[in-house]
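Raw contents of structure-v8.json, JSON, C-alpha atoms:
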```json
[["chain", "number", "residue", "atom", "x", "y", "z"],
["A", 1, "MET", "CA", 0.00, 0.00, 0.00],
["A", 2, "ILE", "CA", 1.26, 3.49, -0.86],
["A", 3, "SER", "CA", 2.15, 5.44, 2.28],
["A", 4, "LEU", "CA", 0.60, 8.86, 2.89],
["A", 5, "PRO", "CA", 2.76, 12.01, 3.08],
["A", 6, "LEU", "CA", 3.27, 14.18, 6.14],
["A", 7, "THR", "CA", 0.98, 17.15, 6.83],
["A", 8, "PRO", "CA", 1.90, 20.21, 4.70],
["A", 9, "LYS", "CA", 3.74, 22.98, 6.53],
["A", 10, "VAL", "CA", 4.71, 26.56, 5.76],
["A", 11, "ILE", "CA", 8.45, 27.14, 5.66],
["A", 12, "GLN", "CA", 9.48, 30.27, 7.54],
["A", 13, "LYS", "CA", 9.89, 33.19, 5.16],
["A", 14, "SER", "CA", 13.53, 33.92, 4.47],
["A", 15, "PRO", "CA", 15.01, 37.47, 4.37],
["A", 16, "LEU", "CA", 14.67, 37.28, 0.59],
["A", 17, "PHE", "CA", 10.89, 37.47, 0.95],
["A", 18, "LEU", "CA", 10.69, 40.27, 3.51],
["A", 19, "HIS", "CA", 9.65, 42.72, 0.78],
["A", 20, "LYS", "CA", 7.00, 40.26, -0.41],
["A", 21, "LYS", "CA", 4.66, 39.70, 2.51],
["A", 22, "ASN", "CA", 2.23, 37.85, 0.26],
["A", 23, "GLN", "CA", 4.71, 35.10, -0.62],
["A", 24, "ALA", "CA", 5.21, 31.77, 1.14],
["A", 25, "ILE", "CA", 6.66, 28.31, 0.53],
["A", 26, "PHE", "CA", 4.68, 25.19, 1.46],
["A", 27, "GLN", "CA", 6.52, 21.92, 2.03],
["A", 28, "ILE", "CA", 5.05, 18.42, 1.74],
["A", 29, "GLU", "CA", 7.38, 15.59, 2.74],
["A", 30, "SER", "CA", 7.39, 11.79, 2.33],
["A", 31, "LEU", "CA", 5.49, 11.72, -0.96],
["A", 32, "TYR", "CA", 5.59, 8.39, -2.79],
["A", 33, "PRO", "CA", 8.03, 8.53, -5.76],
["A", 34, "GLY", "CA", 6.44, 10.46, -8.63],
["A", 35, "TYR", "CA", 3.69, 12.00, -6.52],
["A", 36, "GLY", "CA", 5.63, 15.24, -6.05],
["A", 37, "VAL", "CA", 5.29, 16.20, -9.72],
["A", 38, "THR", "CA", 1.68, 14.97, -9.87],
["A", 39, "ILE", "CA", 0.53, 16.98, -6.85],
["A", 40, "GLY", "CA", 2.73, 20.01, -7.53],
["A", 41, "ASN", "CA", 1.61, 20.41, -11.14],
["A", 42, "THR", "CA", -2.05, 19.84, -10.24],
["A", 43, "LEU", "CA", -2.02, 22.46, -7.47],
["A", 44, "ARG", "CA", -0.19, 24.92, -9.71],
["A", 45, "ARG", "CA", -2.80, 24.61, -12.47],
["A", 46, "VAL", "CA", -5.70, 25.03, -10.05],
["A", 47, "LEU", "CA", -4.09, 28.02, -8.31],
["A", 48, "LEU", "CA", -3.51, 29.85, -11.59],
["A", 49, "SER", "CA", -6.82, 29.08, -13.29],
["A", 50, "SER", "CA", -9.54, 28.40, -10.72],
["A", 51, "LEU", "CA", -9.33, 30.90, -7.85],
["A", 52, "SER", "CA", -11.85, 33.72, -7.78],
["A", 53, "GLY", "CA", -11.16, 37.44, -7.45],
["A", 54, "ALA", "CA", -12.29, 40.86, -8.68],
["A", 55, "ALA", "CA", -11.05, 43.10, -11.48],
["A", 56, "VAL", "CA", -11.96, 46.06, -13.69],
["A", 57, "THR", "CA", -13.95, 44.78, -16.70],
["A", 58, "GLU", "CA", -15.16, 48.05, -18.26],
["A", 59, "VAL", "CA", -14.00, 51.67, -18.23],
["A", 60, "LYS", "CA", -15.65, 54.86, -19.35],
["A", 61, "ILE", "CA", -13.57, 58.06, -19.68],
["A", 62, "LYS", "CA", -15.35, 61.32, -20.35],
["A", 63, "GLY", "CA", -14.66, 62.59, -23.86],
["A", 64, "VAL", "CA", -13.03, 59.32, -24.99],
["A", 65, "GLN", "CA", -14.68, 57.16, -27.66],
["A", 66, "HIS", "CA", -12.10, 54.39, -28.02],
["A", 67, "GLU", "CA", -8.88, 53.10, -26.49],
["A", 68, "PHE", "CA", -6.61, 54.66, -29.12],
["A", 69, "SER", "CA", -7.47, 58.19, -28.01],
["A", 70, "THR", "CA", -5.40, 60.78, -26.15],
["A", 71, "ILE", "CA", -6.61, 63.22, -23.50],
["A", 72, "PRO", "CA", -5.45, 66.87, -23.47],
["A", 73, "GLY", "CA", -3.30, 67.63, -20.43],
["A", 74, "VAL", "CA", -2.82, 63.95, -19.53],
["A", 75, "LEU", "CA", 0.67, 62.47, -19.86],
["A", 76, "GLU", "CA", -0.48, 58.90, -20.54],
["A", 77, "ASP", "CA", -2.56, 57.85, -23.51],
["A", 78, "VAL", "CA", -5.75, 55.84, -23.01],
["A", 79, "ILE", "CA", -4.06, 52.49, -23.65],
["A", 80, "MET", "CA", -1.58, 53.16, -20.82],
["A", 81, "ILE", "CA", -4.36, 54.31, -18.48],
["A", 82, "ILE", "CA", -6.24, 51.07, -19.17],
["A", 83, "GLN", "CA", -3.15, 49.01, -18.38],
["A", 84, "ASN", "CA", -2.79, 50.87, -15.08],
["A", 85, "LEU", "CA", -6.46, 50.24, -14.24],
["A", 86, "LYS", "CA", -5.91, 46.51, -14.76],
["A", 87, "ASN", "CA", -3.33, 46.60, -11.95],
["A", 88, "LEU", "CA", -5.93, 47.66, -9.37],
["A", 89, "ARG", "CA", -6.69, 44.81, -6.94],
["A", 90, "PHE", "CA", -10.07, 44.62, -5.22],
["A", 91, "LYS", "CA", -12.13, 42.47, -2.95],
["A", 92, "VAL", "CA", -15.91, 42.61, -3.49],
["A", 93, "PHE", "CA", -17.88, 41.78, -0.34],
["A", 94, "GLU", "CA", -21.40, 42.03, -1.73],
["A", 95, "GLY", "CA", -22.86, 41.60, -5.21],
["A", 96, "ASP", "CA", -21.08, 40.46, -8.35],
["A", 97, "MET", "CA", -20.76, 43.89, -9.98],
["A", 98, "GLN", "CA", -19.93, 47.33, -8.58],
["A", 99, "LYS", "CA", -18.87, 50.72, -9.98],
["A", 100, "ALA", "CA", -16.34, 53.32, -8.84],
["A", 101, "GLN", "CA", -15.69, 56.86, -10.10],
["A", 102, "LEU", "CA", -13.04, 59.53, -9.97],
["A", 103, "LYS", "CA", -13.05, 63.17, -11.07],
["A", 104, "VAL", "CA", -9.80, 65.11, -10.81],
["A", 105, "LYS", "CA", -8.76, 68.56, -12.03],
["A", 106, "GLY", "CA", -5.41, 70.33, -11.88],
["A", 107, "GLU", "CA", -1.78, 69.24, -11.96],
["A", 108, "LYS", "CA", -1.61, 65.98, -10.04],
["A", 109, "GLU", "CA", -0.62, 62.31, -10.05],
["A", 110, "ILE", "CA", -3.78, 60.22, -10.02],
["A", 111, "LYS", "CA", -3.71, 57.05, -7.92],
["A", 112, "GLY", "CA", -6.15, 54.30, -7.05],
["A", 113, "SER", "CA", -7.02, 56.14, -3.83],
["A", 114, "ASP", "CA", -8.65, 58.92, -5.90],
["A", 115, "PHE", "CA", -11.54, 56.60, -6.79],
["A", 116, "LYS", "CA", -14.73, 56.89, -4.78],
["A", 117, "MET", "CA", -15.43, 53.30, -3.80],
["A", 118, "PRO", "CA", -18.77, 51.89, -2.64],
["A", 119, "SER", "CA", -18.77, 50.29, 0.80],
["A", 120, "GLN", "CA", -19.01, 46.81, -0.75],
["A", 121, "ILE", "CA", -15.50, 47.10, -2.24],
["A", 122, "LYS", "CA", -12.04, 47.29, -0.71],
["A", 123, "LEU", "CA", -9.05, 48.48, -2.76],
["A", 124, "PHE", "CA", -5.82, 46.74, -1.71],
["A", 125, "ASN", "CA", -3.30, 48.88, -3.61],
["A", 126, "PRO", "CA", -4.42, 52.54, -3.25],
["A", 127, "ASP", "CA", -0.95, 53.77, -4.31],
["A", 128, "CYS", "CA", -1.33, 52.21, -7.77],
["A", 129, "HIS", "CA", -0.51, 54.84, -10.42],
["A", 130, "ILE", "CA", -3.33, 55.61, -12.88],
["A", 131, "ALA", "CA", -2.43, 58.79, -14.78],
["A", 132, "THR", "CA", -0.67, 62.17, -14.54],
["A", 133, "LEU", "CA", -2.32, 65.55, -15.12],
["A", 134, "THR", "CA", 0.34, 67.93, -16.44],
["A", 135, "ASN", "CA", -1.23, 71.39, -15.96],
["A", 136, "SER", "CA", -3.76, 73.28, -13.87],
["A", 137, "LYS", "CA", -6.44, 73.18, -16.58],
["A", 138, "ALA", "CA", -6.21, 69.44, -17.19],
["A", 139, "GLU", "CA", -9.06, 67.27, -15.94],
["A", 140, "ILE", "CA", -10.21, 63.70, -16.20],
["A", 141, "GLU", "CA", -13.34, 61.79, -15.25],
["A", 142, "ILE", "CA", -13.29, 57.98, -15.13],
["A", 143, "GLU", "CA", -15.89, 55.36, -14.23],
["A", 144, "VAL", "CA", -14.88, 51.72, -13.88],
["A", 145, "GLN", "CA", -16.96, 48.59, -13.56],
["A", 146, "ILE", "CA", -15.63, 45.99, -11.13],
["A", 147, "GLU", "CA", -16.76, 42.38, -11.29],
["A", 148, "LYS", "CA", -16.11, 39.05, -9.63],
["A", 149, "GLY", "CA", -14.67, 36.28, -11.74],
["A", 150, "THR", "CA", -12.31, 33.33, -11.95],
["A", 151, "GLY", "CA", -8.85, 33.08, -13.46],
["A", 152, "TYR", "CA", -8.30, 35.12, -16.63],
["A", 153, "GLU", "CA", -11.11, 36.14, -18.96],
["A", 154, "THR", "CA", -10.94, 37.97, -22.28],
["A", 155, "LYS", "CA", -13.53, 40.57, -23.19],
["A", 156, "ASP", "CA", -14.79, 38.27, -25.96],
["A", 157, "GLN", "CA", -15.55, 35.51, -23.44],
["A", 158, "ARG", "CA", -18.00, 37.69, -21.55],
["A", 159, "LYS", "CA", -21.41, 37.55, -23.18],
["A", 160, "ARG", "CA", -22.94, 40.98, -22.80],
["A", 161, "LYS", "CA", -25.57, 43.21, -24.21],
["A", 162, "LYS", "CA", -24.29, 45.93, -26.52],
["A", 163, "SER", "CA", -22.25, 48.42, -24.47],
["A", 164, "GLU", "CA", -22.91, 52.13, -24.43],
["A", 165, "ILE", "CA", -20.93, 54.36, -26.76],
["A", 166, "GLY", "CA", -17.64, 55.27, -25.10],
["A", 167, "THR", "CA", -17.56, 52.17, -22.88],
["A", 168, "ILE", "CA", -14.34, 50.18, -23.31],
["A", 169, "SER", "CA", -14.38, 46.48, -22.37],
["A", 170, "LEU", "CA", -11.19, 45.01, -20.89],
["A", 171, "ASP", "CA", -9.56, 41.63, -20.61],
["A", 172, "ALA", "CA", -9.78, 40.87, -16.89],
["A", 173, "ILE", "CA", -7.24, 39.24, -14.58],
["A", 174, "PHE", "CA", -9.46, 37.94, -11.77],
["A", 175, "THR", "CA", -7.03, 35.49, -10.22],
["A", 176, "PRO", "CA", -5.42, 36.70, -6.96],
["A", 177, "ILE", "CA", -2.31, 34.64, -7.75],
["A", 178, "ARG", "CA", 0.77, 36.42, -9.08],
["A", 179, "SER", "CA", 3.02, 33.39, -9.46],
["A", 180, "VAL", "CA", 3.28, 29.69, -8.53],
["A", 181, "SER", "CA", 6.30, 27.43, -8.81],
["A", 182, "PHE", "CA", 7.42, 24.15, -7.27],
["A", 183, "GLN", "CA", 10.57, 22.09, -6.80],
["A", 184, "ILE", "CA", 11.00, 18.38, -6.11],
["A", 185, "GLU", "CA", 13.78, 16.96, -3.93],
["A", 186, "ASN", "CA", 14.60, 13.35, -3.04],
["A", 187, "MET", "CA", 14.38, 12.35, 0.61],
["A", 188, "ARG", "CA", 14.84, 9.24, 2.74],
["A", 189, "VAL", "CA", 11.86, 7.30, 4.07],
["A", 190, "GLY", "CA", 12.94, 4.11, 5.83],
["A", 191, "ASP", "CA", 15.42, 2.27, 3.62],
["A", 192, "ARG", "CA", 14.39, 4.13, 0.46],
["A", 193, "THR", "CA", 15.96, 7.39, -0.71],
["A", 194, "ASP", "CA", 13.75, 8.08, -3.74],
["A", 195, "TYR", "CA", 10.71, 9.56, -1.98],
["A", 196, "ASP", "CA", 9.67, 13.10, -2.95],
["A", 197, "LYS", "CA", 9.76, 16.35, -1.02],
["A", 198, "LEU", "CA", 7.58, 19.03, -2.62],
["A", 199, "ASN", "CA", 8.30, 22.74, -2.11],
["A", 200, "LEU", "CA", 5.44, 24.85, -3.49],
["A", 201, "GLU", "CA", 5.99, 28.62, -3.70],
["A", 202, "ILE", "CA", 2.90, 30.87, -3.91],
["A", 203, "GLU", "CA", 2.72, 34.64, -4.31],
["A", 204, "THR", "CA", -0.64, 36.46, -4.17],
["A", 205, "ASP", "CA", -1.73, 40.01, -4.92],
["A", 206, "GLY", "CA", -2.64, 40.70, -1.28],
["A", 207, "THR", "CA", -6.40, 40.20, -1.56],
["A", 208, "ILE", "CA", -5.89, 36.76, -0.01],
["A", 209, "THR", "CA", -2.96, 35.19, 1.83],
["A", 210, "PRO", "CA", -0.87, 32.35, 0.36],
["A", 211, "GLU", "CA", -2.33, 30.08, 3.06],
["A", 212, "GLU", "CA", -5.89, 30.90, 1.99],
["A", 213, "ALA", "CA", -4.98, 30.32, -1.65],
["A", 214, "PHE", "CA", -3.41, 26.93, -0.85],
["A", 215, "LEU", "CA", -6.46, 25.77, 1.11],
["A", 216, "GLU", "CA", -8.90, 27.00, -1.55],
["A", 217, "ALA", "CA", -7.03, 25.09, -4.27],
["A", 218, "CYS", "CA", -7.08, 21.93, -2.14],
["A", 219, "GLN", "CA", -10.82, 22.30, -1.51],
["A", 220, "ILE", "CA", -11.51, 22.66, -5.25],
["A", 221, "LEU", "CA", -9.66, 19.40, -5.94],
["A", 222, "ILE", "CA", -11.34, 17.58, -3.04],
["A", 223, "LYS", "CA", -14.80, 18.56, -4.32],
["A", 224, "HIS", "CA", -13.98, 17.21, -7.77],
["A", 225, "PHE", "CA", -12.54, 13.92, -6.51],
["A", 226, "SER", "CA", -15.43, 13.41, -4.06],
["A", 227, "LEU", "CA", -17.77, 13.20, -7.06],
["A", 228, "PHE", "CA", -15.85, 10.15, -8.27],
["A", 229, "LEU", "CA", -16.28, 8.46, -4.89],
["A", 230, "GLU", "CA", -20.03, 9.06, -4.99],
["A", 231, "ALA", "CA", -20.40, 7.53, -8.47],
["A", 232, "PRO", "CA", -22.42, 4.27, -8.59],
["A", 233, "ALA", "CA", -20.29, 1.14, -8.71],
["A", 234, "LEU", "CA", -19.77, -0.31, -12.16],
["A", 235, "SER", "CA", -21.21, -3.78, -12.80],
["A", 236, "SER", "CA", -18.52, -6.43, -12.46],
["A", 237, "GLU", "CA", -20.62, -9.39, -13.65],
["A", 238, "LYS", "CA", -18.89, -11.49, -16.26],
["A", 239, "LEU", "CA", -20.64, -13.25, -19.09],
["A", 240, "VAL", "CA", -20.57, -17.06, -18.79],
["A", 241, "PRO", "CA", -19.65, -19.08, -21.89],
["A", 242, "GLU", "CA", -23.30, -20.10, -22.47],
["A", 243, "GLU", "CA", -24.41, -16.45, -22.63],
["A", 244, "ILE", "CA", -21.59, -15.67, -25.03],
["A", 245, "GLY", "CA", -22.69, -18.55, -27.24],
["A", 246, "LYS", "CA", -26.29, -17.29, -27.28],
["A", 247, "LYS", "CA", -25.16, -13.81, -28.30],
["A", 248, "LYS", "CA", -23.08, -15.22, -31.14],
["A", 249, "ALA", "CA", -26.05, -17.28, -32.32],
["A", 250, "LYS", "CA", -28.30, -14.20, -32.39],
["A", 251, "LYS", "CA", -25.74, -12.31, -34.45],
["A", 252, "ALA", "CA", -25.53, -15.21, -36.88],
["A", 253, "GLN", "CA", -29.32, -15.21, -37.34],
["A", 254, "LYS", "CA", -29.23, -11.57, -38.38],
["A", 255, "LYS", "CA", -26.92, -12.35, -41.28],
["A", 256, "VAL", "CA", -28.53, -12.97, -44.65],
["A", 257, "LYS", "CA", -28.78, -16.72, -45.38],
["A", 258, "PRO", "CA", -27.64, -17.87, -48.85],
["A", 259, "LYS", "CA", -30.37, -19.20, -51.18],
["A", 260, "SER", "CA", -30.55, -23.03, -51.32],
["A", 261, "LYS", "CA", -30.05, -24.72, -54.71],
["A", 262, "LYS", "CA", -33.03, -26.56, -56.25],
["A", 263, "LYS", "CA", -32.53, -30.31, -56.71],
["A", 264, "THR", "CA", -32.99, -31.56, -60.30],
["A", 265, "LYS", "CA", -34.89, -34.81, -60.89],
["A", 266, "LYS", "CA", -33.02, -37.56, -62.65],
["A", 267, "ASN", "CA", -34.73, -39.24, -65.63]]
```

How would this structure read if it were set down as structure tokens?
Amino acid sequence: MISLPLTPKVIQKSPLFLHKKNQAIFQIESLYPGYGVTIGNTLRRVLLSSLSGAAVTEVKIKGVQHEFSTIPGVLEDVIMIIQNLKNLRFKVFEGDMQKAQLKVKGEKEIKGSDFKMPSQIKLFNPDCHIATLTNSKAEIEIEVQIEKGTGYETKDQRKRKKSEIGTISLDAIFTPIRSVSFQIENMRVGDRTDYDKLNLEIETDGTITPEEAFLEACQILIKHFSLFLEAPALSSEKLVPEEIGKKKAKKAQKKVKPKSKKKTKKN
């Protein structure tokens, strides 16, 4: 019987990660040979593709009709502003869709903190740069739509009614995971030295902790595998030779029989 691994543990963060408080390494020891790659790759795929989060999906800028426009008195063009808006990281506590607005005039650096957020949303990176107004007469008015989602979703994947003129749809990065990587090392278990030790490194965007991300990925996999355990047992009855013979006989009857030759009378 294949032995079970030890309980996963979080390795203490090294000085290298002090500037990345949302990064952690999880270690799983005593994995049966080959299971390190199987589990590591599976968790990595789930972490990157299946965790939910919130992101800007639409933006409306006053006086702008499309993303290839420029705004008088604004250093960045609309494409750059959109890229900056994609970097905003939110957590939505109520509802699947919320809106936030900003209206700024005068020479200033615009940040995420300039948005007026509804109480159902929390912005985790208020210092995120959005745009720069270069003179006292410059002004900008932006409205963004924030939605919940999973993984990464292109604007073409979202089935919507026709948007209003001036509304720009965005590809959305919902996942709260910034990066995932893993390494496999050999370790001794009893007399064997080919067991696996899995080190899984997770970095999030701050909306959830690495520990929460790890547990959520495990729960997603458990829910999927539990469905297999609940499936009805497959019939294991074997056909006896007599039944096989009957089936062959029935198949033979279905075949077209050749016409019998008429016997000629001898004189």

Q: Select, from A:Ile173, A:Asn22, A:Leu102, A:Glu29, the residue with the minimum atom-to-atom distance to Thr7 of chain A, counting only C-alpha atoms.
A: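 Looking at the shortest contact to Thr7 of chain A, the residue is A:Glu29.
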
**Q.** Long-range neighbours of Leu75 of chain A as a list in words, 12 Å cut-off, all atoms listed in the file, 2 positions minimum in chain
**A.**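 Non-adjacent residues within range: Thr70, Ile71, Pro72, Gly73, Asp77, Val78, Ile79, Met80, Ile81, Glu107, Lys108, Glu109, Ile110, Ile130, Ala131, Thr132, Leu133, Thr134, Asn135, Ala138, Glu139 and Ile140 of chain A.
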
**Q.** Point-to-point distance in Å for atom CA of Leu170 of chain A and atom CA of Ile220 of chain A
**A.**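 Between these atoms lies a distance of 27.3 Å.
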
Show me, as JSON lines, the residues of segment 50-86 of chain A having an atom within 12 Å of segment 192-211 of chain A, each with the closest atom pair and its distance in Å, using all atoms listed in the file.
```
{"residue": "A:Leu51", "atom": "CA", "partner": "A:Ile208", "partner_atom": "CA", "distance": 10.4}
{"residue": "A:Ser52", "atom": "CA", "partner": "A:Ile208", "partner_atom": "CA", "distance": 10.3}
{"residue": "A:Gly53", "atom": "CA", "partner": "A:Thr207", "partner_atom": "CA", "distance": 8.1}
{"residue": "A:Ala54", "atom": "CA", "partner": "A:Thr207", "partner_atom": "CA", "distance": 9.3}
{"residue": "A:Ala55", "atom": "CA", "partner": "A:Thr207", "partner_atom": "CA", "distance": 11.3}
```

Q: Grab the atom CA of Phe68 of chain A to atom CA of Gly166 of chain A distance for me, in Å with one decimal place.
A: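 Computing the Euclidean distance for atom CA of Phe68 of chain A and atom CA of Gly166 of chain A yields 11.8 Å.
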
Q. Hey, can you pull every residue with an atom no more than 12 Å from (-5.3, 25.5, -3.2), using all atoms listed in the file, and send it as a PyMOL selection string?
A. chain A and resi 8+26+39-52+176-177+180+200-202+204+208-223

Q. In Å, with one decimal, what is the gap from atom CA of Glu147 of chain A to atom CA of Asn125 of chain A?
A.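 Value for the atom CA of Glu147 of chain A-atom CA of Asn125 of chain A distance: 16.8 Å.
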
Q: Select, from A:Gly95, A:Gly106, A:Pro33, A:Gly151, the residue with the minimum atom-to-atom distance to Pro118 of chain A, counting only C-alpha atoms.
A: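 Smallest distance to Pro118 of chain A is found for A:Gly95.
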
Q: Please provide as a count of residues only all residues within 12 Å of Glu164 of chain A, with the sequence filter that same-chain residues fewer than 6 positions apart are discarded (counting all atoms listed in the file).
A: 5

(Q) What's around Glu153 of chain A at 9 Å? Count all atoms listed in the file, leave out sequence neighbours fewer than 6 positions away in its own chain, and write the answer as a list in words. (A)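 The residues that qualify are Asp171, Ala172, Ile173 and Phe174 of chain A.
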
Q.
Just checking: using all atoms listed in the file, which residue out of A:Met187, A:Leu88, A:Ala231, A:Val10 ends up closest to Asp127 of chain A?
A.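 Of A:Met187, A:Leu88, A:Ala231, A:Val10, the one nearest Asp127 of chain A is A:Leu88, counting all atoms listed in the file.
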